Amino acid sequence: MTMMNTSTNTSRVVGLDAHPDSFTATILSGLTPASAVVEKMFNKVPLGQLVQWAKKNTSASDLIVLEASGNSFHIVRSLESIGRKSKVLESCHMGKLKEAHANNDKISAIRIGKAYLAGTAKIVWVPDQVTQERRDTFHAYSKSVRRSTQLINRLKSFLSDHGVRLSNQGHPLNQENIIWQARQWSPRERLVIQGLFMELRHAKEQQAHWNHLMAQEVLNDSLLLSLTRLTGVREIIAYSIGAIVGDINRFASPKKLVAYIGLNPAFDNSGEGEWKGGIKGHGRRDLRSYLIEAAQSILRSKHDLAKWGKKLMARKGSMKLAVAAIARKLAVAIWYLMKGSWSGVEEIDTAMKLKIGKMISKMGKEGLTSIGKTRKAFREEIEQNLRKGREYFLNRIKSSPPKNVLTATS
């Protein structure tokens, strides 16, 4: 998100309070909230008439602003298709401006327009169509993972209540025979267990389905594939970067990307007090959690950065701090790589070949059949794309990207 800047090319600001079925719009003229005058008000217009309404009542020099909601991106794209400028404002900020004692759609439309004129509202980036589709896939995968975890916990809780404890070394689906033999289950108890297993299998099938699609797209996209050159990054993390980060050019520097992910420590230095916190409570928690996992993988490897991380951990006495520091360096590497700081790869090492094999396996036979390629032919194509693609050396000392090759590990 970025702070808004009022444009001198904007003749009027149109505050739009949009709902799933209707919208209310206020056309404001003026450069500041105090001087803004309501020219026209349109209340509860059917959303299906938005494009027709915009053509009739607005011009290309007007700026339409709306609060972030479920359909705000769709509205922006619809308006852009007819040459209308529009911006989405952060809903958290807009919610703080809402008056508790009086509120309706007309008041909200005026408030949205004046919030933009005030210059304090944050503007939400509207993803392009490809990034939006990737986000939809990524969210579906994340929901299937959460659903699978919930069902595993429900199953373990039910079994624990009946005196049966499962081993943490294996998945419950692989211990089904052990569960049935653990004790004499009553008919009703068996029905409950069978229902939980039924839901769990469905959740795992959904998770595998989305995983197949994500792996296939990563292996066929040169930019996402190049991200897997980084240690600790495979198809899930590479895809999540493509889905959440999107256009890397919206981040002017590596620090901007680090802050967006939320890997910069929080602090409060006001008056006589000073407080320094961790990396929780701000940024993109979903992507941050994946980069933390990648950093943990790096720390377990023999990579030079792992040695640096272990020294930091010994000096600071905190493993979490070392992992967060490695994750920050990984985010910096991602920025440089996606910006095009790369050099040719002459040879694919053994670790990278192993990683490619694992990603192809995630696609499954059906995935290979859908693209009409054998496993061997597809592997050769991927390796050729990597040689032409990007890579970046994750270096703990140099601030600019050198030309060395980063050893990849799964």
# chains A, B, ... in the order shown; residues from 1 in each chain; ligands from 1
>>> residues_around(residues="Ala203 (chain A)", least_positions_apart="5", cutoff="7 Å", atoms="only C-alpha atoms", output="PyMOL selection string")
chain A and resi 144+147-148
>>> residues_around(residues="Leu89 (chain A)", least_positions_apart="4", cutoff="12 Å", atoms="only C-alpha atoms", output="ChimeraX atom specification")
/A:1-4,15-17,64-69,72-73,76,93-95,111-117,119-126
>>> residues_around(residues="Asn168 (chain A)", least_positions_apart="3", cutoff="12 Å", atoms="only C-alpha atoms", output="VMD selection string")
chain A and resid 152 to 153 156 165 171 to 172 174 to 175
>>> residues_around(residues="Arg234 (chain A)", least_positions_apart="4", cutoff="8 Å", atoms="only C-alpha atoms", output="JSON list (two decimals) with N, CA and C atoms, in the first residue's frame")
[["chain", "number", "residue", "atom", "x", "y", "z"],
["A", 227, "LEU", "N", 12.73, -18.27, -9.11],
["A", 227, "LEU", "CA", 12.71, -18.11, -7.66],
["A", 227, "LEU", "C", 13.12, -19.39, -6.94],
["A", 228, "THR", "N", 12.89, -20.54, -7.57],
["A", 228, "THR", "CA", 13.24, -21.81, -6.93],
["A", 228, "THR", "C", 14.75, -22.02, -6.89],
["A", 238, "ALA", "N", 7.42, -20.13, -4.11],
["A", 238, "ALA", "CA", 7.57, -19.38, -5.36],
["A", 238, "ALA", "C", 6.22, -18.88, -5.85],
["A", 355, "LYS", "N", 15.40, -30.87, -6.64],
["A", 355, "LYS", "CA", 14.25, -30.00, -6.41],
["A", 355, "LYS", "C", 13.30, -30.02, -7.61],
["A", 359, "MET", "N", 9.27, -31.20, -7.71],
["A", 359, "MET", "CA", 8.19, -30.35, -8.22],
["A", 359, "MET", "C", 7.43, -31.04, -9.34],
["A", 410, "SER", "N", 16.47, -28.38, -1.45],
["A", 410, "SER", "CA", 15.02, -28.54, -1.38],
["A", 410, "SER", "C", 14.51, -28.18, -0.01]]
>>> residues_around(residues="Gln49 (chain A)", least_positions_apart="4", cutoff="12 Å", atoms="only C-alpha atoms", output="JSON, numbers by chain")
{"A": [21, 22, 23, 24, 42, 44, 45, 53, 54, 55, 56, 57, 75, 78, 79]}
>>> residues_around(residues="region 287-296 of chain A", least_positions_apart="4", cutoff="9 Å", atoms="only C-alpha atoms", output="list in words")
Thr231, Gly232, Val233, Arg234, Ile236, Ile237, Ser240, Ile241, Ile244, Val245, Ile261, Gly262, Leu263, Gly283, Arg300, Ser301, Ala306, Ala322, Val323, Ala324, Ala325, Ile326, Ala327, Arg328, Leu330 and Ala331 of chain A
